[in-house]
Structure formats: structure tokens, C-alpha cells
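Structure file input.txt (compact mmCIF, N, CA and C atoms) is printed below.
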```txt
# COMPACT_ATOMS: atom_id res chain seq x y z
N MET C 17 0.84 -1.18 0.00
CA MET C 17 0.00 0.00 0.00
C MET C 17 0.89 1.24 0.00
N SER C 18 0.50 2.24 -0.77
CA SER C 18 1.30 3.47 -0.82
C SER C 18 1.10 4.27 0.46
N HIS C 19 2.07 5.08 0.78
CA HIS C 19 2.00 5.88 2.00
C HIS C 19 2.27 7.34 1.68
N LEU C 20 1.94 8.20 2.63
CA LEU C 20 2.18 9.63 2.48
C LEU C 20 3.66 9.91 2.70
N LYS C 21 4.21 10.75 1.85
CA LYS C 21 5.61 11.15 1.98
C LYS C 21 5.75 12.17 3.11
N LYS C 22 6.94 12.31 3.63
CA LYS C 22 7.18 13.26 4.73
C LYS C 22 6.73 14.66 4.36
N GLU C 23 6.96 15.05 3.12
CA GLU C 23 6.61 16.40 2.68
C GLU C 23 5.10 16.63 2.70
N GLU C 24 4.32 15.57 2.67
CA GLU C 24 2.86 15.68 2.65
C GLU C 24 2.27 15.78 4.06
N LEU C 25 3.06 15.49 5.07
CA LEU C 25 2.55 15.46 6.43
C LEU C 25 2.51 16.86 7.04
N GLU C 26 1.47 17.11 7.84
CA GLU C 26 1.31 18.39 8.53
C GLU C 26 1.55 18.18 10.01
N ASP C 27 2.33 19.07 10.60
CA ASP C 27 2.58 18.98 12.04
C ASP C 27 1.30 19.03 12.84
N PHE C 28 1.26 18.23 13.89
CA PHE C 28 0.19 18.20 14.88
C PHE C 28 -1.13 17.66 14.34
N CYS C 29 -1.09 16.90 13.23
CA CYS C 29 -2.27 16.22 12.71
C CYS C 29 -2.17 14.73 13.05
N LEU C 30 -3.33 14.11 13.19
CA LEU C 30 -3.39 12.67 13.44
C LEU C 30 -3.42 11.92 12.11
N TYR C 31 -2.76 10.77 12.09
CA TYR C 31 -2.70 9.94 10.88
C TYR C 31 -2.96 8.48 11.21
N LYS C 32 -3.65 7.81 10.31
CA LYS C 32 -3.76 6.36 10.34
C LYS C 32 -2.43 5.84 9.81
N CYS C 33 -1.82 4.90 10.50
CA CYS C 33 -0.47 4.44 10.14
C CYS C 33 -0.36 2.93 10.09
N GLU C 34 0.63 2.48 9.37
CA GLU C 34 1.15 1.13 9.50
C GLU C 34 2.51 1.32 10.14
N ALA C 35 2.59 1.03 11.41
CA ALA C 35 3.83 1.23 12.15
C ALA C 35 4.14 -0.01 12.96
N ARG C 36 5.33 -0.08 13.44
CA ARG C 36 5.76 -1.24 14.22
C ARG C 36 4.96 -1.37 15.52
N ASN C 37 4.65 -0.23 16.16
CA ASN C 37 4.05 -0.31 17.48
C ASN C 37 2.71 0.39 17.67
N PHE C 38 2.16 1.01 16.61
CA PHE C 38 0.86 1.67 16.75
C PHE C 38 0.20 1.84 15.38
N SER C 39 -1.12 2.14 15.40
CA SER C 39 -1.86 2.29 14.15
C SER C 39 -2.38 3.71 13.94
N ILE C 40 -2.33 4.54 14.98
CA ILE C 40 -2.69 5.95 14.88
C ILE C 40 -1.58 6.75 15.53
N GLY C 41 -1.14 7.81 14.83
CA GLY C 41 -0.07 8.62 15.37
C GLY C 41 -0.29 10.09 15.10
N ILE C 42 0.47 10.91 15.81
CA ILE C 42 0.43 12.36 15.60
C ILE C 42 1.84 12.78 15.17
N TRP C 43 1.90 13.55 14.09
CA TRP C 43 3.18 13.93 13.49
C TRP C 43 3.64 15.28 14.01
N PHE C 44 4.83 15.35 14.57
CA PHE C 44 5.48 16.62 14.88
C PHE C 44 6.95 16.36 15.19
N ASN C 45 7.75 17.43 15.07
CA ASN C 45 9.20 17.34 15.25
C ASN C 45 9.85 16.30 14.33
N GLY C 46 9.25 16.10 13.15
CA GLY C 46 9.82 15.19 12.17
C GLY C 46 9.70 13.72 12.51
N LYS C 47 8.81 13.39 13.46
CA LYS C 47 8.60 12.00 13.88
C LYS C 47 7.11 11.75 14.12
N MET C 48 6.74 10.48 14.10
CA MET C 48 5.37 10.08 14.40
C MET C 48 5.34 9.56 15.84
N HIS C 49 4.36 10.03 16.60
CA HIS C 49 4.22 9.63 18.00
C HIS C 49 2.90 8.88 18.14
N GLY C 50 2.92 7.75 18.80
CA GLY C 50 1.71 6.95 18.99
C GLY C 50 1.76 6.19 20.29
N LEU C 51 0.66 5.48 20.60
CA LEU C 51 0.59 4.70 21.83
C LEU C 51 1.17 3.31 21.61
N ARG C 52 2.09 2.94 22.47
CA ARG C 52 2.67 1.61 22.43
C ARG C 52 2.22 0.84 23.67
N ARG C 53 1.89 -0.41 23.45
CA ARG C 53 1.51 -1.29 24.55
C ARG C 53 2.52 -2.43 24.62
N LYS C 54 3.10 -2.60 25.81
CA LYS C 54 4.13 -3.62 25.97
C LYS C 54 4.12 -4.12 27.41
N PHE C 55 3.97 -5.42 27.58
CA PHE C 55 3.99 -6.05 28.89
C PHE C 55 3.02 -5.38 29.87
N GLY C 56 1.84 -5.03 29.39
CA GLY C 56 0.83 -4.42 30.25
C GLY C 56 0.95 -2.92 30.44
N ASP C 57 2.03 -2.33 29.95
CA ASP C 57 2.20 -0.89 30.04
C ASP C 57 1.73 -0.22 28.76
N GLU C 58 1.36 1.03 28.86
CA GLU C 58 0.91 1.81 27.71
C GLU C 58 1.57 3.18 27.80
N TYR C 59 2.27 3.58 26.76
CA TYR C 59 3.00 4.84 26.80
C TYR C 59 3.18 5.40 25.40
N VAL C 60 3.52 6.70 25.34
CA VAL C 60 3.75 7.36 24.05
C VAL C 60 5.12 6.93 23.54
N ASP C 61 5.15 6.46 22.31
CA ASP C 61 6.38 6.01 21.67
C ASP C 61 6.58 6.79 20.38
N THR C 62 7.78 6.81 19.88
CA THR C 62 8.13 7.55 18.68
C THR C 62 8.70 6.61 17.63
N GLU C 63 8.27 6.81 16.38
CA GLU C 63 8.83 6.05 15.25
C GLU C 63 9.17 7.03 14.14
N TYR C 64 10.18 6.66 13.37
CA TYR C 64 10.60 7.49 12.23
C TYR C 64 9.81 7.12 10.99
N HIS C 65 9.68 8.08 10.08
CA HIS C 65 8.97 7.87 8.82
C HIS C 65 9.67 6.79 8.00
N TRP C 66 8.89 6.03 7.29
CA TRP C 66 9.36 4.92 6.47
C TRP C 66 10.50 5.31 5.54
N ASP C 67 10.45 6.52 5.01
CA ASP C 67 11.45 6.97 4.03
C ASP C 67 12.70 7.58 4.68
N ASP C 68 12.75 7.63 6.01
CA ASP C 68 13.91 8.20 6.70
C ASP C 68 15.16 7.35 6.48
N GLU C 69 16.29 8.01 6.59
CA GLU C 69 17.57 7.30 6.53
C GLU C 69 17.82 6.50 7.80
N ASN C 70 17.02 6.76 8.85
CA ASN C 70 17.19 6.08 10.14
C ASN C 70 16.44 4.76 10.22
N TYR C 71 16.22 4.11 9.09
CA TYR C 71 15.48 2.85 9.06
C TYR C 71 14.10 3.01 9.69
N GLY C 72 13.32 3.92 9.12
CA GLY C 72 11.99 4.21 9.64
C GLY C 72 11.06 3.02 9.63
N THR C 73 10.14 3.00 10.59
CA THR C 73 9.21 1.89 10.74
C THR C 73 7.75 2.32 10.64
N CYS C 74 7.49 3.59 10.31
CA CYS C 74 6.12 4.09 10.26
C CYS C 74 5.76 4.57 8.86
N ARG C 75 4.66 4.01 8.34
CA ARG C 75 4.12 4.45 7.05
C ARG C 75 2.78 5.13 7.28
N PRO C 76 2.72 6.46 7.22
CA PRO C 76 1.44 7.15 7.37
C PRO C 76 0.59 6.91 6.13
N LEU C 77 -0.66 6.49 6.34
CA LEU C 77 -1.53 6.14 5.22
C LEU C 77 -2.58 7.19 4.91
N LYS C 78 -3.11 7.83 5.97
CA LYS C 78 -4.23 8.74 5.76
C LYS C 78 -4.31 9.75 6.91
N LYS C 79 -4.50 11.01 6.56
CA LYS C 79 -4.69 12.05 7.57
C LYS C 79 -6.11 11.91 8.12
N ILE C 80 -6.25 11.90 9.45
CA ILE C 80 -7.58 11.72 10.04
C ILE C 80 -8.00 12.87 10.95
N SER C 81 -7.22 13.93 11.02
CA SER C 81 -7.65 15.11 11.78
C SER C 81 -6.97 16.35 11.23
N SER C 82 -7.59 17.49 11.51
CA SER C 82 -6.92 18.74 11.21
C SER C 82 -5.89 18.98 12.31
N SER C 83 -5.11 20.03 12.18
CA SER C 83 -4.04 20.30 13.13
C SER C 83 -4.59 20.59 14.53
N LEU C 84 -3.97 19.99 15.51
CA LEU C 84 -4.35 20.22 16.91
C LEU C 84 -3.51 21.32 17.54
N LYS C 85 -2.60 21.88 16.78
CA LYS C 85 -1.66 22.87 17.33
C LYS C 85 -2.38 24.08 17.93
N GLU C 86 -3.41 24.56 17.29
CA GLU C 86 -4.12 25.74 17.78
C GLU C 86 -5.06 25.41 18.93
N ARG C 87 -5.31 24.13 19.16
CA ARG C 87 -6.27 23.72 20.19
C ARG C 87 -5.61 23.28 21.49
N LEU C 88 -4.33 22.98 21.44
CA LEU C 88 -3.62 22.50 22.62
C LEU C 88 -2.42 23.39 22.90
N HIS C 89 -2.11 23.58 24.15
CA HIS C 89 -0.97 24.41 24.55
C HIS C 89 0.32 23.75 24.06
N PRO C 90 1.30 24.53 23.59
CA PRO C 90 2.56 23.97 23.06
C PRO C 90 3.27 23.00 24.02
N SER C 91 3.16 23.25 25.33
CA SER C 91 3.82 22.36 26.29
C SER C 91 3.25 20.95 26.25
N MET C 92 2.05 20.81 25.71
CA MET C 92 1.43 19.49 25.65
C MET C 92 2.04 18.61 24.57
N PHE C 93 2.88 19.20 23.74
CA PHE C 93 3.57 18.42 22.71
C PHE C 93 5.02 18.15 23.08
N ASP C 94 5.39 18.45 24.32
CA ASP C 94 6.75 18.20 24.79
C ASP C 94 6.78 16.81 25.42
N VAL C 95 7.22 15.84 24.64
CA VAL C 95 7.21 14.45 25.13
C VAL C 95 8.31 14.16 26.13
N SER C 96 9.13 15.18 26.44
CA SER C 96 10.19 14.96 27.43
C SER C 96 9.71 15.21 28.86
N ASN C 97 8.47 15.71 29.02
CA ASN C 97 7.96 15.92 30.38
C ASN C 97 6.67 15.13 30.59
N TRP C 98 6.32 14.94 31.85
CA TRP C 98 5.16 14.11 32.18
C TRP C 98 3.85 14.70 31.67
N ARG C 99 3.72 16.04 31.67
CA ARG C 99 2.48 16.65 31.20
C ARG C 99 2.27 16.38 29.72
N GLY C 100 3.32 16.58 28.93
CA GLY C 100 3.22 16.31 27.50
C GLY C 100 2.91 14.85 27.23
N GLN C 101 3.57 13.95 27.94
CA GLN C 101 3.31 12.51 27.78
C GLN C 101 1.85 12.20 28.11
N SER C 102 1.35 12.78 29.19
CA SER C 102 -0.01 12.51 29.64
C SER C 102 -1.05 13.00 28.64
N VAL C 103 -0.89 14.23 28.16
CA VAL C 103 -1.86 14.79 27.21
C VAL C 103 -1.81 14.04 25.89
N LEU C 104 -0.61 13.78 25.38
CA LEU C 104 -0.51 13.02 24.13
C LEU C 104 -1.12 11.64 24.28
N HIS C 105 -0.90 11.01 25.42
CA HIS C 105 -1.50 9.70 25.68
C HIS C 105 -3.01 9.80 25.55
N ASP C 106 -3.61 10.80 26.19
CA ASP C 106 -5.07 10.94 26.17
C ASP C 106 -5.60 11.24 24.77
N VAL C 107 -4.91 12.10 24.03
CA VAL C 107 -5.33 12.43 22.66
C VAL C 107 -5.28 11.17 21.79
N LEU C 108 -4.19 10.42 21.87
CA LEU C 108 -4.04 9.22 21.06
C LEU C 108 -5.01 8.12 21.48
N PHE C 109 -5.21 7.97 22.78
CA PHE C 109 -6.15 6.97 23.28
C PHE C 109 -7.55 7.26 22.77
N THR C 110 -7.96 8.53 22.83
CA THR C 110 -9.28 8.94 22.35
C THR C 110 -9.41 8.67 20.85
N ALA C 111 -8.40 9.04 20.08
CA ALA C 111 -8.45 8.82 18.63
C ALA C 111 -8.54 7.33 18.30
N GLU C 112 -7.78 6.50 19.00
CA GLU C 112 -7.84 5.05 18.77
C GLU C 112 -9.22 4.50 19.10
N ALA C 113 -9.76 4.90 20.24
CA ALA C 113 -11.06 4.39 20.67
C ALA C 113 -12.15 4.77 19.68
N ILE C 114 -12.15 6.01 19.25
CA ILE C 114 -13.18 6.47 18.32
C ILE C 114 -13.03 5.80 16.96
N SER C 115 -11.80 5.58 16.51
CA SER C 115 -11.61 4.97 15.20
C SER C 115 -12.09 3.52 15.18
N GLU C 116 -12.12 2.88 16.34
CA GLU C 116 -12.60 1.50 16.41
C GLU C 116 -14.12 1.43 16.32
N VAL C 117 -14.80 2.53 16.68
CA VAL C 117 -16.26 2.54 16.71
C VAL C 117 -16.87 3.16 15.47
N PHE C 118 -16.26 4.26 14.99
CA PHE C 118 -16.84 5.00 13.88
C PHE C 118 -15.94 4.95 12.64
N ASN C 119 -16.57 5.18 11.50
CA ASN C 119 -15.83 5.38 10.28
C ASN C 119 -15.05 6.68 10.44
N GLU C 120 -13.76 6.66 10.09
CA GLU C 120 -12.91 7.84 10.28
C GLU C 120 -13.51 9.10 9.66
N ASP C 121 -14.14 8.98 8.51
CA ASP C 121 -14.69 10.15 7.85
C ASP C 121 -15.84 10.78 8.63
N ASP C 122 -16.48 10.01 9.51
CA ASP C 122 -17.60 10.52 10.29
C ASP C 122 -17.17 11.36 11.48
N TRP C 123 -15.96 11.16 11.97
CA TRP C 123 -15.56 11.82 13.21
C TRP C 123 -14.33 12.70 13.12
N ARG C 124 -13.55 12.56 12.08
CA ARG C 124 -12.22 13.18 12.08
C ARG C 124 -12.22 14.69 12.26
N ASP C 125 -13.25 15.38 11.81
CA ASP C 125 -13.25 16.83 11.95
C ASP C 125 -13.97 17.30 13.22
N HIS C 126 -14.48 16.36 14.02
CA HIS C 126 -15.27 16.75 15.17
C HIS C 126 -14.75 16.22 16.50
N VAL C 127 -13.81 15.33 16.48
CA VAL C 127 -13.35 14.68 17.70
C VAL C 127 -12.90 15.67 18.76
N PHE C 128 -12.14 16.67 18.36
CA PHE C 128 -11.57 17.59 19.33
C PHE C 128 -12.23 18.96 19.30
N ASP C 129 -13.49 19.02 18.82
CA ASP C 129 -14.20 20.29 18.76
C ASP C 129 -14.39 20.93 20.13
N ASP C 130 -14.49 20.12 21.17
CA ASP C 130 -14.75 20.65 22.51
C ASP C 130 -13.51 21.08 23.25
N VAL C 131 -12.33 20.91 22.66
CA VAL C 131 -11.11 21.35 23.31
C VAL C 131 -10.99 22.86 23.13
N PRO C 132 -10.94 23.59 24.24
CA PRO C 132 -10.85 25.06 24.15
C PRO C 132 -9.58 25.50 23.45
N GLU C 133 -9.62 26.69 22.87
CA GLU C 133 -8.47 27.24 22.15
C GLU C 133 -7.22 27.28 22.99
N ASP C 134 -7.35 27.55 24.31
CA ASP C 134 -6.16 27.65 25.17
C ASP C 134 -5.70 26.30 25.69
N GLY C 135 -6.37 25.22 25.32
CA GLY C 135 -5.94 23.88 25.70
C GLY C 135 -6.31 23.47 27.11
N THR C 136 -7.05 24.32 27.84
CA THR C 136 -7.44 23.96 29.20
C THR C 136 -8.66 23.05 29.16
N CYS C 137 -8.85 22.33 30.22
CA CYS C 137 -10.00 21.43 30.29
C CYS C 137 -11.20 22.15 30.88
N LYS C 138 -12.39 21.78 30.40
CA LYS C 138 -13.61 22.34 30.95
C LYS C 138 -13.96 21.57 32.22
N GLU C 139 -14.63 22.26 33.15
CA GLU C 139 -15.10 21.58 34.34
C GLU C 139 -16.36 20.82 34.01
N ALA C 140 -16.51 19.66 34.64
CA ALA C 140 -17.70 18.82 34.38
C ALA C 140 -18.91 19.37 35.12
```
Translate this structure into C-alpha cells?
Amino acid sequence: MSHLKKEELEDFCLYKCEARNFSIGIWFNGKMHGLRRKFGDEYVDTEYHWDDENYGTCRPLKKISSSLKERLHPSMFDVSNWRGQSVLHDVLFTAEAISEVFNEDDWRDHVFDDVPEDGTCKEA
């Protein structure tokens, strides 16, 4: 199956992928980030694009969301800290769960409509 080239990918968008450790990822900083499950643990993992010189293991197949950059605070994309890991985990978990229930075309533009512009959470 053909895949999207690196030049076609948009930062902070979700993609359906064929990757070694996940099937949905978010592209930023030149890498794809997704949820990995191993020995009962679940965490954000990073894979390189298939066409990378670094022996990439991720082939992005289809864009499934618009950019989340304007909807989430920039610190939430910092995978080197616990807050970024936690938020990315929740975004990816939600995208995976919804993709299992609905056709991607039915939800991709509406999944994160309720996320405020400043990235803060609403009170229940």
C-alpha cells in the first residue's frame, strides 16, 4: 500500500499508520508519535517515517484530523515531560477508541471540537 511522503505530512495532525508499534499517530518534530503497549504498560512512543535514513518503521496512510496545534498548549507536545506525555496519551487513546467505533470520515473533523483554544479542560 502506498503511504504519504514526509513532505505531505502536517505537524500536529493525526494519521492512520502502518507502524511497528501503533496504528494511529500524531506527526510533529519530524517524527510520528503513537501509543505503544508492551507487557501491560501503555506509553507514548516515537517512530521514524518509512522513508527516513534512520530505518523508519512508520508508514502514514491517511490524515484523520486537522491540526491540533491551535487547540492545545505547546507544552502538551513536549514528550520529554510528564504533562506532555499525559496529554498526548489521552489524545491518542481517544483517537484510537473512536476509530474503532466510527468510520474515520464521520468523526475526524469533530473529535476535538470541545477542546478550548487555550488547551485547558472544561469543568464537568
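Using all atoms listed in the file, the smallest distance between any of C:Phe44, C:Lys32, C:Ile114, C:Val107 and C:Ile80 comes from C:Lys32.
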Worksheet item: With only C-alpha atoms as the atoms that count, which of C:Ile40, C:Val60, C:Leu20, C:Leu108 lies nearest to C:Arg75?
Response: C:Leu20
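Interatomic distance, atom C of C:Phe28 to atom CA of C:Lys54: 24.8 Å.
Rounded to one decimal, atom CA of C:Ser81 and atom CA of C:Gly56 lie 28.2 Å from each other.
Take atom C of C:Arg36 and atom CA of C:Leu84: the distance between them is 23.6 Å.
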Item to complete: Scan for residues within 10 Å of the point (-4.8, 11.0, 4.4) in the coordinates of the file, using only C-alpha atoms, and reply as a PyMOL selection string.
Response: chain C and resi 19-20+24-25+30-33+76-81
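Of the residues listed (C:Cys74, C:Lys21, C:Lys85, C:His49), C:His49 shows the shortest atom-to-atom separation from C:Leu104; distances use only N, CA and C atoms.
Between C:Asp68 and the residues C:Lys22, C:Cys29, C:Val103, C:Asn37, the shortest atom-to-atom distance, using only C-alpha atoms, involves C:Lys22.
Proximity of C:Lys47, C:Ser96, C:Leu88, C:Glu34 to C:Tyr64, computed with only N, CA and C atoms, is greatest for C:Lys47.
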